[in-house]
Structures are given as C-alpha cells and as structure tokens.
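Enquirer: Pasting entry38.cif here (mmCIF, C-alpha atoms):
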data_work
loop_
_atom_site.label_atom_id
_atom_site.label_comp_id
_atom_site.auth_asym_id
_atom_site.auth_seq_id
_atom_site.Cartn_x
_atom_site.Cartn_y
_atom_site.Cartn_z
CA MET A 901 20.80 114.34 85.80
CA ALA A 902 24.02 114.26 83.78
CA ASP A 903 26.40 111.39 84.38
CA GLY A 904 29.65 112.18 86.17
CA PRO A 905 33.02 111.94 84.46
CA LYS A 906 34.30 108.52 83.50
CA ILE A 907 37.33 107.89 85.69
CA VAL A 908 39.85 105.14 84.89
CA THR A 909 42.65 104.53 87.38
CA ALA A 910 46.05 102.88 87.49
CA ALA A 911 48.92 102.10 89.82
CA LEU A 912 52.58 101.34 89.30
CA ILE A 913 54.80 98.91 91.21
CA ILE A 914 58.52 99.57 90.78
CA ILE A 915 60.39 96.43 91.79
CA GLY A 916 64.03 96.15 92.75
CA ASN A 917 66.53 96.53 95.57
CA GLU A 918 68.69 98.67 93.29
CA ILE A 919 66.00 101.36 93.19
CA LEU A 920 65.60 101.43 96.97
CA SER A 921 69.37 101.55 97.52
CA GLY A 922 69.69 104.56 95.24
CA ARG A 923 72.12 102.77 92.95
CA THR A 924 69.64 102.94 90.08
CA LYS A 925 67.52 106.04 89.56
CA ASP A 926 64.01 105.25 88.38
CA LYS A 927 63.13 106.80 85.02
CA ASN A 928 59.95 104.85 84.36
CA MET A 929 57.41 106.48 86.66
CA GLY A 930 57.42 109.83 84.89
CA TYR A 931 57.08 108.26 81.44
CA ILE A 932 54.19 106.03 82.46
CA ALA A 933 52.44 108.87 84.31
CA ASP A 934 52.72 111.17 81.30
CA ARG A 935 51.43 108.56 78.87
CA LEU A 936 48.55 107.52 81.12
CA THR A 937 47.48 111.14 81.47
CA GLU A 938 47.46 111.45 77.68
CA LEU A 939 45.29 108.33 77.51
CA GLY A 940 42.79 109.58 80.08
CA ILE A 941 43.98 107.25 82.85
CA ARG A 942 44.78 108.59 86.30
CA MET A 943 47.85 107.31 88.09
CA MET A 944 46.66 107.02 91.68
CA GLU A 945 49.46 105.21 93.47
CA VAL A 946 53.10 104.19 93.05
CA ARG A 947 54.90 101.67 95.24
CA VAL A 948 58.59 100.81 95.24
CA VAL A 949 59.03 97.25 96.48
CA ALA A 950 62.17 95.33 97.37
CA ASP A 951 63.00 91.92 95.91
CA ILE A 952 60.98 90.19 98.61
CA PRO A 953 58.40 87.79 97.17
CA ALA A 954 55.77 88.23 99.89
CA ASP A 955 55.93 92.02 99.56
CA ILE A 956 55.61 91.93 95.78
CA VAL A 957 52.66 89.54 95.96
CA GLU A 958 50.95 91.70 98.58
CA ALA A 959 51.40 94.85 96.49
CA VAL A 960 50.11 93.21 93.31
CA ASN A 961 47.02 91.81 94.98
CA ALA A 962 46.21 95.03 96.84
CA LEU A 963 46.54 97.28 93.81
CA ARG A 964 44.92 95.05 91.17
CA ALA A 965 41.79 94.94 93.32
CA ARG A 966 41.74 98.71 93.76
CA TYR A 967 42.56 100.09 90.32
CA ASN A 968 41.62 99.42 86.70
CA TYR A 969 45.22 98.83 85.63
CA VAL A 970 48.43 97.88 87.40
CA PHE A 971 51.86 98.13 85.80
CA THR A 972 55.04 96.60 87.19
CA THR A 973 58.59 97.40 86.14
CA GLY A 974 61.71 95.38 86.83
CA GLY A 975 62.60 91.84 87.77
CA ILE A 976 61.95 89.89 84.55
CA GLY A 977 65.56 89.46 83.41
CA PRO A 978 67.77 86.36 83.33
CA THR A 979 69.33 86.43 86.80
CA HIS A 980 68.38 84.64 90.01
CA ASP A 981 67.03 87.80 91.61
CA ASP A 982 64.60 88.42 88.74
CA ILE A 983 61.57 87.08 90.59
CA THR A 984 58.70 89.21 89.32
CA ALA A 985 57.19 86.57 87.02
CA ASP A 986 57.08 84.02 89.85
CA CYS A 987 55.50 86.60 92.17
CA ILE A 988 52.81 87.50 89.64
CA ALA A 989 51.99 83.80 89.27
CA GLN A 990 51.77 83.47 93.03
CA ALA A 991 49.55 86.56 93.31
CA PHE A 992 47.07 85.05 90.84
CA GLY A 993 47.37 81.55 92.26
CA VAL A 994 48.51 79.99 88.98
CA GLY A 995 51.51 78.00 87.79
CA ILE A 996 54.37 79.29 85.69
CA SER A 997 56.30 77.71 82.84
CA GLU A 998 58.05 78.49 79.57
CA HIS A 999 55.67 80.11 77.10
CA PRO A 1000 55.98 78.42 73.68
CA GLU A 1001 55.83 81.72 71.75
CA ALA A 1002 58.43 83.30 74.04
CA VAL A 1003 60.71 80.31 73.52
CA LYS A 1004 60.25 80.68 69.76
CA LEU A 1005 61.10 84.38 69.88
CA LEU A 1006 64.27 83.95 71.91
CA SER A 1007 65.34 80.89 69.92
CA ALA A 1008 65.25 83.05 66.81
CA ARG A 1009 67.30 85.74 68.55
CA TYR A 1010 69.90 83.31 69.89
CA LYS A 1011 70.32 81.07 66.86
CA ASN A 1012 73.34 79.30 68.31
CA PRO A 1013 71.91 76.90 70.93
CA ALA A 1014 74.94 77.54 73.13
CA ASP A 1015 73.90 81.19 73.35
CA PHE A 1016 70.37 80.31 74.43
CA THR A 1017 71.52 79.64 77.97
CA GLU A 1018 69.48 78.42 80.91
CA ALA A 1019 69.57 81.96 82.30
CA ARG A 1020 68.13 83.37 79.09
CA ARG A 1021 65.43 80.68 79.06
CA ARG A 1022 64.24 82.12 82.39
CA MET A 1023 62.96 85.09 80.38
CA THR A 1024 60.48 82.83 78.55
CA ARG A 1025 58.67 81.89 81.77
CA VAL A 1026 55.16 83.36 81.99
CA PRO A 1027 52.37 82.79 84.53
CA HIS A 1028 49.73 80.44 83.16
CA GLY A 1029 47.03 82.40 81.36
CA GLY A 1030 49.41 85.28 80.69
CA VAL A 1031 49.42 87.09 77.36
CA LEU A 1032 52.76 88.20 75.93
CA VAL A 1033 53.68 91.88 75.67
CA GLU A 1034 55.91 92.59 72.68
CA ASN A 1035 59.48 93.76 73.25
CA PRO A 1036 60.71 95.26 69.97
CA VAL A 1037 64.00 96.37 71.57
CA SER A 1038 65.55 93.18 73.00
CA THR A 1039 62.96 90.49 72.15
CA ALA A 1040 62.38 88.98 75.63
CA PRO A 1041 58.68 89.73 76.18
CA GLY A 1042 56.75 91.13 79.07
CA PHE A 1043 53.30 89.82 79.81
CA ARG A 1044 49.81 90.65 81.02
CA VAL A 1045 47.69 88.68 83.46
CA GLU A 1046 44.16 90.13 83.68
CA ASN A 1047 44.64 93.83 84.54
CA VAL A 1048 48.32 93.56 85.52
CA TYR A 1049 50.97 94.43 82.92
CA THR A 1050 54.55 93.36 83.67
CA PHE A 1051 57.34 95.28 81.95
CA ALA A 1052 61.13 95.26 82.01
CA GLY A 1053 62.90 97.83 84.16
CA ILE A 1054 65.32 99.17 81.50
CA PRO A 1055 63.69 102.45 80.42
CA ALA A 1056 64.09 102.01 76.65
CA VAL A 1057 62.65 98.49 76.82
CA MET A 1058 59.87 99.49 79.21
CA GLN A 1059 58.82 102.35 76.96
CA ALA A 1060 58.70 100.09 73.90
CA MET A 1061 56.65 97.53 75.81
CA PHE A 1062 54.24 100.21 77.01
CA GLU A 1063 53.74 101.56 73.51
CA SER A 1064 53.05 98.06 72.21
CA ILE A 1065 50.01 97.77 74.50
CA ALA A 1066 48.92 101.42 74.75
CA HIS A 1067 46.17 100.84 72.19
CA GLU A 1068 44.61 98.24 74.53
CA LEU A 1069 44.13 100.69 77.39
CA ALA A 1070 40.63 102.12 77.69
CA GLY A 1071 40.83 105.61 79.11
CA GLY A 1072 38.28 107.81 80.78
CA ASP A 1073 37.57 111.51 80.41
CA PRO A 1074 40.90 113.36 80.17
CA LEU A 1075 41.88 115.33 83.26
CA LEU A 1076 42.62 118.86 82.05
CA SER A 1077 44.72 121.33 83.99
CA ARG A 1078 45.51 125.05 84.18
CA ALA A 1079 48.41 126.49 86.16
CA VAL A 1080 48.76 130.05 87.47
CA SER A 1081 51.86 131.31 89.28
CA ALA A 1082 52.14 134.32 91.55
CA PHE A 1083 54.68 135.81 93.92
CA LEU A 1084 52.42 135.26 96.91
CA PRO A 1085 53.26 133.04 99.89
CA GLU A 1086 51.24 129.85 100.20
CA GLY A 1087 50.02 131.01 103.60
CA ILE A 1088 48.26 133.95 101.93
CA ILE A 1089 46.69 132.06 99.05
CA ALA A 1090 45.79 128.80 100.85
CA THR A 1091 42.35 129.76 102.16
CA PRO A 1092 41.13 131.51 98.96
CA LEU A 1093 42.34 128.52 96.93
CA LYS A 1094 40.31 126.16 99.10
CA THR A 1095 37.27 128.42 98.65
CA ILE A 1096 37.64 128.31 94.86
CA GLU A 1097 37.72 124.51 94.99
CA GLU A 1098 34.61 124.42 97.20
CA ASP A 1099 32.77 126.94 95.00
CA HIS A 1100 33.48 124.92 91.85
CA PRO A 1101 32.51 121.26 92.46
CA GLY A 1102 34.49 119.08 90.06
CA ILE A 1103 37.66 121.12 90.46
CA GLU A 1104 40.80 119.76 92.12
CA ALA A 1105 43.22 122.43 93.34
CA GLY A 1106 46.86 122.12 94.35
CA SER A 1107 49.57 124.54 95.43
CA TYR A 1108 53.28 124.12 94.70
CA PRO A 1109 55.68 126.63 96.30
CA PHE A 1110 58.82 127.95 94.65
CA GLN A 1111 61.66 130.38 95.30
CA ARG A 1112 62.89 132.46 92.40
CA ASP A 1113 65.40 135.32 92.48
CA GLY A 1114 65.10 135.47 96.24
CA ARG A 1115 61.31 135.76 96.15
CA PHE A 1116 58.80 133.20 97.34
CA GLY A 1117 55.71 132.29 95.38
CA ALA A 1118 53.41 129.45 94.45
CA THR A 1119 52.19 127.77 91.30
CA LEU A 1120 48.49 127.00 91.69
CA VAL A 1121 47.16 124.15 89.60
CA LEU A 1122 43.48 123.51 88.89
CA ARG A 1123 42.31 120.23 87.37
CA SER A 1124 38.98 119.06 86.00
CA THR A 1125 37.45 116.95 83.25
CA ASP A 1126 35.12 119.88 82.45
CA LYS A 1127 36.87 122.54 80.35
CA ALA A 1128 34.22 125.22 80.85
CA LEU A 1129 34.28 124.71 84.61
CA LEU A 1130 38.07 124.81 84.56
CA ASP A 1131 38.04 128.10 82.64
CA ARG A 1132 35.63 129.67 85.17
CA ALA A 1133 37.65 128.52 88.13
CA THR A 1134 40.87 129.80 86.55
CA GLU A 1135 39.38 133.26 86.03
CA ALA A 1136 38.20 133.26 89.66
CA LEU A 1137 41.70 132.30 90.78
CA LYS A 1138 43.30 135.09 88.76
CA ALA A 1139 40.86 137.58 90.29
CA VAL A 1140 41.72 136.43 93.82
CA ILE A 1141 45.46 136.72 93.14
CA THR A 1142 44.96 140.27 91.87
CA GLU A 1143 42.87 141.18 94.94
CA LEU A 1144 45.69 139.91 97.16
CA GLY A 1145 48.15 142.23 95.44
CA GLY A 1146 49.78 139.62 93.21
CA GLU A 1147 50.18 139.37 89.47
CA PRO A 1148 48.69 136.15 88.03
CA MET A 1149 50.99 134.50 85.50
CA GLU A 1150 49.48 131.57 83.59
CA VAL A 1151 52.10 128.91 82.87
#
For the file at hand, write its structure as structure tokens.
Expert:
Amino acid sequence: MADGPKIVTAALIIIGNEILSGRTKDKNMGYIADRLTELGIRMMEVRVVADIPADIVEAVNALRARYNYVFTTGGIGPTHDDITADCIAQAFGVGISEHPEAVKLLSARYKNPADFTEARRRMTRVPHGGVLVENPVSTAPGFRVENVYTFAGIPAVMQAMFESIAHELAGGDPLLSRAVSAFLPEGIIATPLKTIEEDHPGIEAGSYPFQRDGRFGATLVLRSTDKALLDRATEALKAVITELGGEPMEV
C-alpha cells in the first residue's frame, strides 16, 4: 500500500491591539500563507490576539502542540506594550534576558551609547534557549524557540526575517490546485461538486461565489497533492459544468 501524502502544517498568531482596532491593517498573513504554500506547508489556522499576556500564552501553547510550525508577528519592539518575548518565555516556562549576540548587534548599530537606550535594549531580550532570527532590515532580531518563530510586525521586517529562516522549514508534498469558473449559481453546482470530491478521494473542493457584469457565478477550486488525480477531477468538473448548461473557464 502506497504511503499517503506528507503533510506539514503551520499556524500564525498576529499579536496587537492595533490590528483588532482596525487602526493597522495586517499585511503579513497573506505573505506568510503564500510562502508556506510554496514551501509545501499548509497554513491551518490564524489567530489575532490582543496585547493580553494570558491570551497570547494560551494561543502559543495551543497551536505549538497542534501544528508543526507556529509563527507570531508583532510585539517585539522597544515600547512597554511589546510583550511578545515575555509571553513566549512564559509559554515555554523559561526565563528571559538580554541575548549577548543581540546586544552585540544593536551595540554596533547604535554606536553612540546614548542612542542605545533602555527601550532599545528591550529588543535584545530573548527567552532562554531561543535562537536568533536575523533581521537584515533594522538589525533587532526575532527569535525561535523550538517550533515557534517570533517575527516583527512591520511587513518589510517580517518578510526579511521569514526569508532568513525559510531554508530551515521542512515542507511536505506541495498542495496543487486547479480553478474553474462558471456562470452557474452555487445552489446548482453544490451537489455535483460534493459528488466529485467523494468520487475522487484525495481531492479537496471549494466554491467561491462572484458577481460579474450583473451575473452570478462561482469559481470552483480543486486541491490535491496528486497531479494526475487533480487532472482527472478537473476534467470531471468541467464535464459537469457543461451538462448543467454552463461554460467552464479555467482560471
């Protein structure tokens, strides 16, 4: 019997009151999701958590036990409400202190001791046992503790941090997808789409409605790690759309 697909999973915790208030619009989830998909890692869950230590700790512990990788964004800056590092330490039950290499990095950036303020020194604090994540944009590093990677919230910095560790991430079999659109209401295509999924074990099917030029339709997406199976299911889907009086348009 052939082995099933290798599935590697991940979750993201977006931390910050400013995200929940709407003041700051998150731009990190889409980037991380895209890159993980390219690496053969499936994003399974995203949580947005306020700056409440108990809630951050609970989210970290719940997700790190459930998924292969957890990424956090936000809350590792120099201000008093940047509490992510402390929460990660609490989640793992370890202490936290200035990391010698982080101190060295920021000392080199802020050569004038007066510029290396107490607030900026906060950014050198890392949970004990943590490994630094390089920040080629603004120097202050992120860090990893076991399977939890902690990144800055600023998109340009987060992206640079992610790329600095992307080579470490072990992916599974890539999840391939095919999308077919048709001007058919979801209520018409729903049952045949479910049948196609049931008739092709290993296929995941989803339907996404749209309205275009006053007409309603749906984009039907099939996903699988098996390209041949995906091709067969896609042809079956196109045939069903044609039988229902629609015109299948692969997108």
Enquirer: Have a look at CA of Ala1002 in chain A and CA of Ile1054 in chain A and let me know their distance in Å, one decimal.
Expert: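 A separation of 18.8 Å between them.
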Enquirer: What's around range 1023-1039 of chain A at 9 Å? Count all atoms listed in the file, leave out sequence neighbours fewer than 5 positions away in its own chain, and write the answer as a short mmCIF file (atom, residue, chain, number, x, y, z; two decimals) with C-alpha atoms, in the coordinates of the input.
Expert:
data_model
loop_
_atom_site.label_atom_id
_atom_site.label_comp_id
_atom_site.auth_asym_id
_atom_site.auth_seq_id
_atom_site.Cartn_x
_atom_site.Cartn_y
_atom_site.Cartn_z
CA ILE A 976 61.95 89.89 84.55
CA GLY A 977 65.56 89.46 83.41
CA PRO A 978 67.77 86.36 83.33
CA ALA A 985 57.19 86.57 87.02
CA ASP A 986 57.08 84.02 89.85
CA ILE A 988 52.81 87.50 89.64
CA ALA A 989 51.99 83.80 89.27
CA GLN A 990 51.77 83.47 93.03
CA PHE A 992 47.07 85.05 90.84
CA VAL A 994 48.51 79.99 88.98
CA GLY A 995 51.51 78.00 87.79
CA ILE A 996 54.37 79.29 85.69
CA SER A 997 56.30 77.71 82.84
CA GLU A 998 58.05 78.49 79.57
CA HIS A 999 55.67 80.11 77.10
CA PRO A 1000 55.98 78.42 73.68
CA GLU A 1001 55.83 81.72 71.75
CA ALA A 1002 58.43 83.30 74.04
CA VAL A 1003 60.71 80.31 73.52
CA LEU A 1005 61.10 84.38 69.88
CA LEU A 1006 64.27 83.95 71.91
CA ARG A 1009 67.30 85.74 68.55
CA ARG A 1044 49.81 90.65 81.02
CA VAL A 1045 47.69 88.68 83.46
CA GLU A 1046 44.16 90.13 83.68
CA TYR A 1049 50.97 94.43 82.92
CA THR A 1050 54.55 93.36 83.67
CA PHE A 1051 57.34 95.28 81.95
CA ALA A 1056 64.09 102.01 76.65
CA VAL A 1057 62.65 98.49 76.82
CA MET A 1058 59.87 99.49 79.21
CA ALA A 1060 58.70 100.09 73.90
CA MET A 1061 56.65 97.53 75.81
CA PHE A 1062 54.24 100.21 77.01
CA SER A 1064 53.05 98.06 72.21
CA ILE A 1065 50.01 97.77 74.50
#
Enquirer: Which of these residues is nearest to Ile1096 in chain A, using all atoms listed in the file: A:Ala933, A:Leu1076, A:Val957, A:Val1140?
Expert: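 Once distances to Ile1096 in chain A are computed over all atoms listed in the file, the minimum belongs to A:Val1140.
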Enquirer: To one decimal place in Å, what is the distance between CA of Ile907 in chain A and CA of Arg942 in chain A?
Expert: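 Here the two named atoms are 7.5 Å from each other.
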Enquirer: I want to know what sits within 12 Å of range 918-924 of chain A, based on all atoms listed in the file, with residues of the same chain fewer than 3 positions away left out; could you give that as a CSV table (one decimal) with C-alpha atoms, keeping the file's coordinate frame?
Expert:
chain,number,residue,atom,x,y,z
A,913,ILE,CA,54.8,98.9,91.2
A,914,ILE,CA,58.5,99.6,90.8
A,915,ILE,CA,60.4,96.4,91.8
A,927,LYS,CA,63.1,106.8,85.0
A,928,ASN,CA,60.0,104.8,84.4
A,929,MET,CA,57.4,106.5,86.7
A,947,ARG,CA,54.9,101.7,95.2
A,948,VAL,CA,58.6,100.8,95.2
A,949,VAL,CA,59.0,97.2,96.5
A,950,ALA,CA,62.2,95.3,97.4
A,951,ASP,CA,63.0,91.9,95.9
A,973,THR,CA,58.6,97.4,86.1
A,974,GLY,CA,61.7,95.4,86.8
A,975,GLY,CA,62.6,91.8,87.8
A,981,ASP,CA,67.0,87.8,91.6
A,982,ASP,CA,64.6,88.4,88.7
A,1053,GLY,CA,62.9,97.8,84.2
A,1054,ILE,CA,65.3,99.2,81.5
A,1055,PRO,CA,63.7,102.4,80.4
Enquirer: Would you save range 980-1103 of chain A from the block above with C-alpha atoms, as a compact mmCIF listing (two decimals), in the first residue's frame?
Expert:
# COMPACT_ATOMS: atom_id res chain seq x y z
CA HIS A 980 6.17 48.89 27.12
CA ASP A 981 3.34 47.19 25.26
CA ASP A 982 5.75 45.00 23.27
CA ILE A 983 5.21 41.90 25.40
CA THR A 984 5.52 39.03 22.95
CA ALA A 985 9.01 37.92 24.04
CA ASP A 986 7.90 37.72 27.69
CA CYS A 987 4.80 35.76 26.69
CA ILE A 988 6.80 33.26 24.64
CA ALA A 989 9.10 32.73 27.63
CA GLN A 990 6.08 32.18 29.85
CA ALA A 991 4.52 29.75 27.37
CA PHE A 992 7.68 27.61 27.42
CA GLY A 993 8.23 28.01 31.15
CA VAL A 994 11.68 29.56 30.78
CA GLY A 995 13.37 32.78 31.84
CA ILE A 996 14.18 35.74 29.62
CA SER A 997 17.19 38.01 29.50
CA GLU A 998 19.38 40.00 27.12
CA HIS A 999 20.93 37.76 24.48
CA PRO A 1000 24.67 38.50 24.16
CA GLU A 1001 24.65 38.30 20.35
CA ALA A 1002 21.59 40.56 20.14
CA VAL A 1003 23.30 43.08 22.41
CA LYS A 1004 26.37 42.95 20.16
CA LEU A 1005 24.28 43.53 17.05
CA LEU A 1006 22.41 46.52 18.43
CA SER A 1007 25.55 47.98 20.02
CA ALA A 1008 27.10 48.02 16.56
CA ARG A 1009 24.01 49.72 15.14
CA TYR A 1010 23.82 52.34 17.88
CA LYS A 1011 27.50 53.19 18.23
CA ASN A 1012 26.82 56.18 20.47
CA PRO A 1013 25.98 54.68 23.89
CA ALA A 1014 23.43 57.44 24.44
CA ASP A 1015 21.49 56.14 21.43
CA PHE A 1016 21.43 52.59 22.78
CA THR A 1017 18.63 53.46 25.17
CA GLU A 1018 16.97 51.24 27.76
CA ALA A 1019 13.97 50.97 25.43
CA ARG A 1020 16.14 49.73 22.58
CA ARG A 1021 17.86 47.24 24.90
CA ARG A 1022 14.42 45.64 25.39
CA MET A 1023 14.76 44.36 21.83
CA THR A 1024 17.75 42.22 22.85
CA ARG A 1025 15.70 40.19 25.34
CA VAL A 1026 15.16 36.58 24.22
CA PRO A 1027 13.60 33.61 26.05
CA HIS A 1028 16.28 31.28 27.38
CA GLY A 1029 17.11 28.63 24.81
CA GLY A 1030 15.94 30.86 21.97
CA VAL A 1031 17.85 31.05 18.70
CA LEU A 1032 18.12 34.43 16.98
CA VAL A 1033 16.36 35.12 13.69
CA GLU A 1034 18.29 37.56 11.51
CA ASN A 1035 16.80 40.98 10.76
CA PRO A 1036 18.69 42.40 7.77
CA VAL A 1037 16.39 45.45 7.61
CA SER A 1038 16.62 47.07 11.06
CA THR A 1039 19.01 44.76 12.96
CA ALA A 1040 16.89 43.96 16.06
CA PRO A 1041 16.46 40.19 15.73
CA GLY A 1042 13.49 37.91 16.04
CA PHE A 1043 13.93 34.50 17.58
CA ARG A 1044 12.87 30.87 17.54
CA VAL A 1045 12.04 28.67 20.50
CA GLU A 1046 11.52 25.04 19.41
CA ASN A 1047 8.84 25.19 16.67
CA VAL A 1048 7.72 28.78 17.37
CA TYR A 1049 9.19 31.59 15.26
CA THR A 1050 8.69 35.14 16.53
CA PHE A 1051 8.86 37.94 13.96
CA ALA A 1052 8.38 41.70 13.98
CA GLY A 1053 5.04 43.10 12.86
CA ILE A 1054 6.35 45.65 10.32
CA PRO A 1055 5.77 43.91 6.96
CA ALA A 1056 9.17 44.68 5.39
CA VAL A 1057 10.98 43.47 8.52
CA MET A 1058 8.75 40.43 8.92
CA GLN A 1059 9.33 39.40 5.32
CA ALA A 1060 13.10 39.72 5.68
CA MET A 1061 13.01 37.68 8.88
CA PHE A 1062 10.90 34.99 7.23
CA GLU A 1063 13.25 34.73 4.28
CA SER A 1064 16.22 34.40 6.60
CA ILE A 1065 14.77 31.18 8.07
CA ALA A 1066 12.81 29.83 5.08
CA HIS A 1067 15.60 27.37 4.29
CA GLU A 1068 15.12 25.78 7.74
CA LEU A 1069 11.48 24.87 7.12
CA ALA A 1070 10.89 21.28 6.08
CA GLY A 1071 7.88 21.11 3.82
CA GLY A 1072 5.62 18.27 2.82
CA ASP A 1073 4.13 17.35 -0.53
CA PRO A 1074 3.01 20.56 -2.27
CA LEU A 1075 -0.74 21.11 -2.37
CA LEU A 1076 -1.60 21.72 -6.03
CA SER A 1077 -4.75 23.46 -7.17
CA ARG A 1078 -6.91 23.98 -10.27
CA ALA A 1079 -9.66 26.58 -10.51
CA VAL A 1080 -12.63 26.56 -12.90
CA SER A 1081 -15.18 29.39 -13.07
CA ALA A 1082 -18.68 29.25 -14.49
CA PHE A 1083 -21.75 31.46 -14.57
CA LEU A 1084 -23.76 28.98 -12.54
CA PRO A 1085 -25.25 29.69 -9.11
CA GLU A 1086 -23.66 27.86 -6.19
CA GLY A 1087 -27.01 26.26 -5.43
CA ILE A 1088 -26.89 24.47 -8.79
CA ILE A 1089 -23.29 23.30 -8.64
CA ALA A 1090 -23.06 22.46 -4.90
CA THR A 1091 -24.27 18.85 -5.01
CA PRO A 1092 -22.30 17.82 -8.15
CA LEU A 1093 -19.18 19.42 -6.64
CA LYS A 1094 -19.60 17.35 -3.48
CA THR A 1095 -20.02 14.22 -5.61
CA ILE A 1096 -16.78 14.95 -7.48
CA GLU A 1097 -14.95 15.28 -4.15
CA GLU A 1098 -16.43 11.99 -2.91
CA ASP A 1099 -15.64 10.19 -6.18
CA HIS A 1100 -12.00 11.32 -6.08
CA PRO A 1101 -10.54 10.55 -2.62
CA GLY A 1102 -7.61 12.88 -2.02
CA ILE A 1103 -9.36 15.87 -3.59
